[in-house]
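Structure first, commentary second.
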Amino acid sequence: MVGSESRYQAFLDQRAREGLRRSLLAVAAREARTIGVEGRSYLNFSSNDYLGLRFNEALIGRAIAWAQGWGVGSGASRLVTGNLELFAPIEAKLARLKAKQTALVMACGFQTNAAALQALLDRNVLDAEPLVFADRLNHASMHFGCQAAGVRQIRYRHCDAAHLGVLLGRYQGDDRPKFILTESVFSMDGDVAPLGDIAALARAHDACLIVDDAHATGILGAGGAGLSGEADIVIGTFSKALGAFGGFVASTETVRDYLINRCAGVIYATALPPPVLGAIDAALERVPGMDAERAHVASLAERFRAGAGAAGLDTGASTAQIVPIVVGTPEAALAMSGRLRQAGFWASSIRPPTVPPGTARLRLAFTAAHQETDVDRLLDVLAAARAPRRARAI
Ligand SMILES: Cc1ncc(COP(=O)(O)O)c(C=O)c1O
C-alpha cells in the first residue's frame with residue numbers, strides 16, 4: 001500500500017466518525033416516480049427530473065434516432081471533429097429560450113461552471129485580478145471555477161442584495177473588472193435569489209452578472225425560460241428539468257467565441273454524444289409548452305410546504321420545487337431519511353460540506369410525475385416520524 005492510502009483511509013474514518021461518510025447505492029430507476037433499491041421500490045422525492053422528461057417518449061425516440069444516425073459517440077472535441085452539425089440548431093433553440101444572442105453547449109453543468117468561470121475570470125486576459133462577489137451558498141462547481149481561476153471570492157450573505165450592495169460600495173472607484181455570481185434557484189434550499197435587485201446593483205457598479213440557472217431552466221419562468229433574464233451570462237445544465245445531460249453557457253457572441261478559444265472544458269473535452277444531443281433537442285422543443293406540468297409541480301411544492309409548516313417542520317425560505325426539511329445534525333438527517341425509507345419514500349439526506357454545518361437536511365424535490373396523494377402520504381409519514389421525538393422532549 002502506498003503511503004497516501006493510509007491518509008485517504010484516515011480521511012474516510014474521520015468522515016464516518018462525524019456521520020458524514022458517503023457511499024454509492026445501486027439504483028434501479030425505470031420510470032420517473034419511483035426507484036428500486038436493494039429489491040424494494042420507493043416513491044422518489046430526490047430526483048431533479050422536475051418535468052419527468054427523462055422517460056419521455058419523444059426524448060428517448062430522438063436519442064435512439066440520433067444514435068442510429070450519428071453513432072453513440074462524437075469522436076473528438078468540438079474543435080477537432082466532434083462539432084457535429086447537430087449542435088448548431090440546439091444552440092439556436094437554447095439561445096431563443098434564454099433570450100441571449102447565442103449559446104454554447106458543454107459537457108455537464110459542473111464542468112461548465114468549473115471551466116467557463118476559470119476562463120471568464122482569467123486575470124491575464126482581464127489585465128487585473130477580478131473582483132468576484134459571490135453568494136455564500138453558491139454551488140460547489142462555481143467555487144471550483146473561482147479556485148481554478150485563482151481568485152479570492154468576496155462572499156455576500158445568502159440572497160442578501162443589501163449586503164452585496166455594501167460590499168460593492170467598498171470597491172466603488174476600483175476599476176478592476178467586477179463580477180457577481182449567483183444561482184437563481186438555490187439547489188439545496190429551493191429559495192430564489194433577488195435577481196432584480198442584484199441586476200440593478202450589477203448595472204450600477206458596472207459588474208458582469210453571471211447566473212447559474214440550473215434549477216430554474218425548464219421548470220420556472222415564462223415558457224420554462226428560467227429566471228436568468230437579467231443576467232449578462234447564463235450558465236445551466238440539461239441534467240435537471242430537461243431530463244438529459246450536458247451543460248451550457250448563454251451569452252453574447254464575443255463571450256461564446258472567447259470560451260471556444262480559452263475554456264479548457266471546451267478545448268480539451270470530447271463533445272457530447274449524439275444520443276444525448278437528441279434528448280436535449282427534443283427537450284428544448286417540448287419545454288416551452290409544458291405550462292400545465294410546471295403549474296402542477298408548483299402546486300405540489302406549495303401543498304407540501306403548507307402541510308410541513310403546519311406539522312412544525314422547517315422548510316427554510318423555499319418557494320420553488322425544491323423543499324428542504326432542515327433538521328440540524330447529520331445524525332438527525334440520516335435518521336429522518338431512514339424513517340421515510342422504512343415507509344417507502346426516498347428522500348436523501350444532505351449533510352456538510354454540501355450544506356453549512358448545523359443545517360443538515362432532507363432535500364425534497366417535487367416533479368410532474370408526483371400526485372397530490374403522494375405529497376399527502378409523505379406529510380403523514382413525516383408527521384408520524386416527528387411525533388415520538390416530540391413526546392420524548394416533553
Ligand atoms: C446549481 C448547480 N449548478 C451546477 C450543477 C452541476 O450540473 P450537472 O449535474 O449537470 O453537472 C448543479 C447540480 O448539482 C447545481 O445544482
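Scheme for the C-alpha cells: letters A, B, ... for chains in order shown; per-chain residue numbers from 1; ligand numbers from 1 in order shown.
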Go through region 130-264 of chain A and collect every residue that DSSP, computed from the backbone, puts in strand (DSSP E or B); the answer should be as a VMD selection string.
chain A and resid 131 to 135 153 to 156 178 to 183 185 192 207 to 212 233 to 237 247 to 251
Within 9 Å of ligand 1, which residues of chain A come that close, and what is the closest atom pair and distance in Å for each? Count only C-alpha atoms and all ligand atoms and give it as CSV.
```
residue,atom,partner,partner_atom_place_in_ligand_line,distance
A:Asn48,CA,ligand 1,13 (C),8.8
A:Ala107,CA,ligand 1,10 (O),8.0
A:Cys108,CA,ligand 1,10 (O),4.3
A:Gly109,CA,ligand 1,7 (O),3.3
A:Phe110,CA,ligand 1,11 (O),3.8
A:Gln111,CA,ligand 1,11 (O),6.4
A:Thr112,CA,ligand 1,11 (O),7.8
A:Asn113,CA,ligand 1,4 (C),6.7
A:Asn138,CA,ligand 1,1 (C),7.1
A:His139,CA,ligand 1,1 (C),5.0
A:Ala140,CA,ligand 1,3 (N),7.7
A:Ser141,CA,ligand 1,4 (C),6.1
A:Met142,CA,ligand 1,3 (N),7.3
A:Thr182,CA,ligand 1,1 (C),8.8
A:Glu183,CA,ligand 1,1 (C),5.9
A:Ser184,CA,ligand 1,1 (C),8.1
A:Val185,CA,ligand 1,1 (C),7.6
A:Phe186,CA,ligand 1,1 (C),6.3
A:Ser187,CA,ligand 1,16 (O),4.7
A:Met188,CA,ligand 1,16 (O),7.6
A:Asp212,CA,ligand 1,1 (C),5.9
A:Asp213,CA,ligand 1,1 (C),6.9
A:Ala214,CA,ligand 1,1 (C),5.1
A:His215,CA,ligand 1,1 (C),6.4
A:Ile235,CA,ligand 1,3 (N),8.0
A:Gly236,CA,ligand 1,4 (C),6.7
A:Thr237,CA,ligand 1,10 (O),4.7
A:Phe238,CA,ligand 1,10 (O),6.3
A:Ser239,CA,ligand 1,10 (O),4.8
A:Lys240,CA,ligand 1,10 (O),7.2
A:Ala244,CA,ligand 1,10 (O),8.9
A:Phe245,CA,ligand 1,10 (O),6.1
A:Gly246,CA,ligand 1,10 (O),5.6
A:Gly247,CA,ligand 1,10 (O),5.7
```
So, with only C-alpha atoms as the atoms that count, which of A:Leu277, A:Leu137, A:Ala114, A:Ala119 lies closest to Pro353 (chain A)?
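Between A:Leu277, A:Leu137, A:Ala114, A:Ala119, the residue approaching Pro353 (chain A) most closely is A:Leu137.
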Excluding region 70-86 of chain A and any residue of its chain fewer than 3 positions from it, enumerate the residues within 7 Å of it, using only C-alpha atoms, and give them as a VMD selection string.
chain A and resid 66 to 67 89 to 90 267 to 275
The selected residues should be written to file as a compact mmCIF listing (two decimals), in the first residue's frame (atoms: all heavy atoms).
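Contents of again.txt, freshly written:
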```
# COMPACT_ATOMS: atom_id res chain seq x y z
N TRP A 66 -30.89 9.56 -33.17
CA TRP A 66 -29.61 10.23 -33.41
C TRP A 66 -28.43 9.29 -33.17
O TRP A 66 -27.38 9.44 -33.79
CB TRP A 66 -29.51 11.51 -32.56
CG TRP A 66 -30.40 12.62 -33.09
CD1 TRP A 66 -31.51 12.47 -33.88
CD2 TRP A 66 -30.24 14.03 -32.89
NE1 TRP A 66 -32.06 13.70 -34.17
CE2 TRP A 66 -31.31 14.67 -33.58
CE3 TRP A 66 -29.33 14.82 -32.19
CZ2 TRP A 66 -31.46 16.05 -33.59
CZ3 TRP A 66 -29.48 16.21 -32.19
CH2 TRP A 66 -30.53 16.81 -32.89
N ALA A 67 -28.61 8.32 -32.25
CA ALA A 67 -27.55 7.31 -32.07
C ALA A 67 -27.44 6.47 -33.34
O ALA A 67 -26.32 6.18 -33.82
CB ALA A 67 -27.86 6.42 -30.88
N PRO A 89 -28.38 23.76 -34.40
CA PRO A 89 -29.80 24.01 -34.14
C PRO A 89 -30.14 23.96 -32.65
O PRO A 89 -31.01 24.71 -32.18
CB PRO A 89 -30.52 22.88 -34.89
CG PRO A 89 -29.49 22.02 -35.52
CD PRO A 89 -28.14 22.62 -35.30
N ILE A 90 -29.43 23.12 -31.90
CA ILE A 90 -29.68 23.06 -30.45
C ILE A 90 -29.30 24.39 -29.81
O ILE A 90 -30.04 24.95 -28.99
CB ILE A 90 -28.87 21.90 -29.82
CG1 ILE A 90 -29.49 20.56 -30.21
CG2 ILE A 90 -28.78 22.04 -28.31
CD1 ILE A 90 -28.71 19.35 -29.74
N ILE A 267 -12.13 23.03 -25.00
CA ILE A 267 -11.00 22.69 -25.86
C ILE A 267 -10.52 21.25 -25.66
O ILE A 267 -10.21 20.55 -26.62
CB ILE A 267 -9.82 23.67 -25.61
CG1 ILE A 267 -10.29 25.11 -25.88
CG2 ILE A 267 -8.60 23.32 -26.47
CD1 ILE A 267 -9.32 26.18 -25.40
N TYR A 268 -10.51 20.82 -24.40
CA TYR A 268 -9.87 19.54 -24.10
C TYR A 268 -10.84 18.42 -23.75
O TYR A 268 -10.43 17.40 -23.19
CB TYR A 268 -8.88 19.71 -22.94
CG TYR A 268 -7.82 20.75 -23.25
CD1 TYR A 268 -7.78 21.96 -22.56
CD2 TYR A 268 -6.87 20.53 -24.25
CE1 TYR A 268 -6.82 22.91 -22.84
CE2 TYR A 268 -5.91 21.47 -24.54
CZ TYR A 268 -5.88 22.68 -23.84
OH TYR A 268 -4.95 23.61 -24.13
N ALA A 269 -12.14 18.59 -24.02
CA ALA A 269 -13.11 17.54 -23.67
C ALA A 269 -13.84 17.08 -24.93
O ALA A 269 -14.18 17.89 -25.80
CB ALA A 269 -14.11 18.06 -22.65
N THR A 270 -14.10 15.80 -25.00
CA THR A 270 -14.86 15.25 -26.13
C THR A 270 -16.27 15.84 -26.14
O THR A 270 -16.88 16.03 -25.09
CB THR A 270 -14.92 13.71 -26.00
OG1 THR A 270 -13.58 13.22 -26.06
CG2 THR A 270 -15.75 13.08 -27.11
N ALA A 271 -16.75 16.14 -27.31
CA ALA A 271 -18.08 16.75 -27.46
C ALA A 271 -19.16 15.79 -26.97
O ALA A 271 -18.98 14.56 -27.00
CB ALA A 271 -18.32 17.09 -28.93
N LEU A 272 -20.31 16.33 -26.52
CA LEU A 272 -21.42 15.48 -26.08
C LEU A 272 -21.80 14.51 -27.20
O LEU A 272 -21.77 14.86 -28.37
CB LEU A 272 -22.64 16.34 -25.74
CG LEU A 272 -22.67 17.00 -24.37
CD1 LEU A 272 -24.02 17.69 -24.16
CD2 LEU A 272 -22.43 16.02 -23.24
N PRO A 273 -22.21 13.31 -26.83
CA PRO A 273 -22.53 12.29 -27.84
C PRO A 273 -23.92 12.50 -28.47
O PRO A 273 -24.82 13.06 -27.84
CB PRO A 273 -22.49 10.99 -27.06
CG PRO A 273 -22.70 11.37 -25.65
CD PRO A 273 -22.23 12.79 -25.46
N PRO A 274 -24.12 12.01 -29.69
CA PRO A 274 -25.39 12.23 -30.41
C PRO A 274 -26.65 11.81 -29.66
O PRO A 274 -27.64 12.55 -29.71
CB PRO A 274 -25.19 11.41 -31.70
CG PRO A 274 -23.71 11.44 -31.91
CD PRO A 274 -23.10 11.40 -30.55
N PRO A 275 -26.70 10.65 -28.96
CA PRO A 275 -27.96 10.34 -28.28
C PRO A 275 -28.34 11.39 -27.24
O PRO A 275 -29.51 11.73 -27.09
CB PRO A 275 -27.70 8.98 -27.61
CG PRO A 275 -26.41 8.49 -28.10
CD PRO A 275 -25.70 9.58 -28.83
```
Skipping near chain neighbours, those fewer than 6 positions away, what residues fall within 12 Å of Asp174 (chain A) using only C-alpha atoms, listed as a PyMOL selection string?
chain A and resi 128-131+168+205-207
Atom pair CA of Gln14 (chain A) / CA of Thr329 (chain A): separation (Å)
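It comes out at 16.0 Å.
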What lies within 9 Å of Ala28 (chain A) using only C-alpha atoms, ignoring chain neighbours under 5 positions off, as a PDB file with all heavy atoms, in the first residue's frame?
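As a result, selection_36.pdb now contains:
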```pdb
ATOM      1  N   THR A  34     -40.730   6.438  -9.256  1.00  0.00           N
ATOM      2  CA  THR A  34     -40.214   5.533  -8.226  1.00  0.00           C
ATOM      3  C   THR A  34     -38.772   5.113  -8.535  1.00  0.00           C
ATOM      4  O   THR A  34     -38.319   5.211  -9.681  1.00  0.00           O
ATOM      5  CB  THR A  34     -41.061   4.236  -8.149  1.00  0.00           C
ATOM      6  OG1 THR A  34     -41.010   3.590  -9.429  1.00  0.00           O
ATOM      7  CG2 THR A  34     -42.504   4.531  -7.789  1.00  0.00           C
ATOM      8  N   ILE A  35     -38.101   4.643  -7.482  1.00  0.00           N
ATOM      9  CA  ILE A  35     -36.800   3.998  -7.701  1.00  0.00           C
ATOM     10  C   ILE A  35     -36.788   2.684  -6.922  1.00  0.00           C
ATOM     11  O   ILE A  35     -37.484   2.541  -5.916  1.00  0.00           O
ATOM     12  CB  ILE A  35     -35.591   4.840  -7.259  1.00  0.00           C
ATOM     13  CG1 ILE A  35     -35.727   5.275  -5.796  1.00  0.00           C
ATOM     14  CG2 ILE A  35     -35.378   6.006  -8.179  1.00  0.00           C
ATOM     15  CD1 ILE A  35     -34.442   5.864  -5.256  1.00  0.00           C
ATOM     16  N   GLY A  36     -35.980   1.752  -7.401  1.00  0.00           N
ATOM     17  CA  GLY A  36     -35.795   0.498  -6.688  1.00  0.00           C
ATOM     18  C   GLY A  36     -34.398   0.481  -6.086  1.00  0.00           C
ATOM     19  O   GLY A  36     -33.430   0.844  -6.749  1.00  0.00           O
ATOM     20  N   VAL A  37     -34.307   0.113  -4.827  1.00  0.00           N
ATOM     21  CA  VAL A  37     -33.002  -0.019  -4.175  1.00  0.00           C
ATOM     22  C   VAL A  37     -33.019  -1.314  -3.365  1.00  0.00           C
ATOM     23  O   VAL A  37     -33.927  -1.523  -2.550  1.00  0.00           O
ATOM     24  CB  VAL A  37     -32.711   1.184  -3.243  1.00  0.00           C
ATOM     25  CG1 VAL A  37     -31.329   1.024  -2.600  1.00  0.00           C
ATOM     26  CG2 VAL A  37     -32.773   2.497  -4.013  1.00  0.00           C
ATOM     27  N   GLU A  38     -32.022  -2.132  -3.617  1.00  0.00           N
ATOM     28  CA  GLU A  38     -31.891  -3.423  -2.920  1.00  0.00           C
ATOM     29  C   GLU A  38     -33.215  -4.183  -2.895  1.00  0.00           C
ATOM     30  O   GLU A  38     -33.677  -4.671  -1.864  1.00  0.00           O
ATOM     31  CB  GLU A  38     -31.347  -3.197  -1.511  1.00  0.00           C
ATOM     32  CG  GLU A  38     -29.885  -2.776  -1.554  1.00  0.00           C
ATOM     33  CD  GLU A  38     -29.361  -2.225  -0.237  1.00  0.00           C
ATOM     34  OE1 GLU A  38     -30.160  -2.043   0.705  1.00  0.00           O
ATOM     35  OE2 GLU A  38     -28.153  -1.962  -0.172  1.00  0.00           O
ATOM     36  N   GLY A  39     -33.868  -4.210  -4.053  1.00  0.00           N
ATOM     37  CA  GLY A  39     -35.052  -5.038  -4.208  1.00  0.00           C
ATOM     38  C   GLY A  39     -36.353  -4.412  -3.735  1.00  0.00           C
ATOM     39  O   GLY A  39     -37.420  -4.999  -3.855  1.00  0.00           O
ATOM     40  N   SER A  41     -39.099  -1.032  -3.757  1.00  0.00           N
ATOM     41  CA  SER A  41     -39.463   0.155  -4.540  1.00  0.00           C
ATOM     42  C   SER A  41     -39.831   1.309  -3.604  1.00  0.00           C
ATOM     43  O   SER A  41     -40.473   1.110  -2.578  1.00  0.00           O
ATOM     44  CB  SER A  41     -40.644  -0.209  -5.444  1.00  0.00           C
ATOM     45  OG  SER A  41     -41.083   0.941  -6.114  1.00  0.00           O
TER      46      SER A  41
END
```
Please report, as JSON lines, each residue of region 21-66 of chain A lying at most 7 Å from region 368-388 of chain A, together with the nearest pair of atoms and the separation in Å rounded to one decimal; use only C-alpha atoms, and order rows by chain and ascending residue number.
```
{"residue": "A:Ala32", "atom": "CA", "partner": "A:Ala369", "partner_atom": "CA", "distance": 6.1}
{"residue": "A:Arg33", "atom": "CA", "partner": "A:Ala369", "partner_atom": "CA", "distance": 5.4}
{"residue": "A:Tyr50", "atom": "CA", "partner": "A:Ala368", "partner_atom": "CA", "distance": 6.1}
{"residue": "A:Leu51", "atom": "CA", "partner": "A:Ala368", "partner_atom": "CA", "distance": 5.0}
{"residue": "A:Gly52", "atom": "CA", "partner": "A:Ala368", "partner_atom": "CA", "distance": 5.7}
```
Selected residue, from A:Leu120, A:Ala335, A:Val326, A:Val2, that lies nearest to Ala148 (chain A) when counting only C-alpha atoms
A:Leu120
Interatomic distance between CA of Arg351 (chain A) and CA of Ser299 (chain A)?
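Straight-line distance from CA of Arg351 (chain A) to CA of Ser299 (chain A) works out to 27.3 Å.
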Where does DSSP see alpha helix (DSSP H) in region 146-349 of chain A, if you list the residues as number ranges by chain?
A: 146-149, 161-170, 195-204, 253-262, 264-267, 274-286, 291-310, 330-342
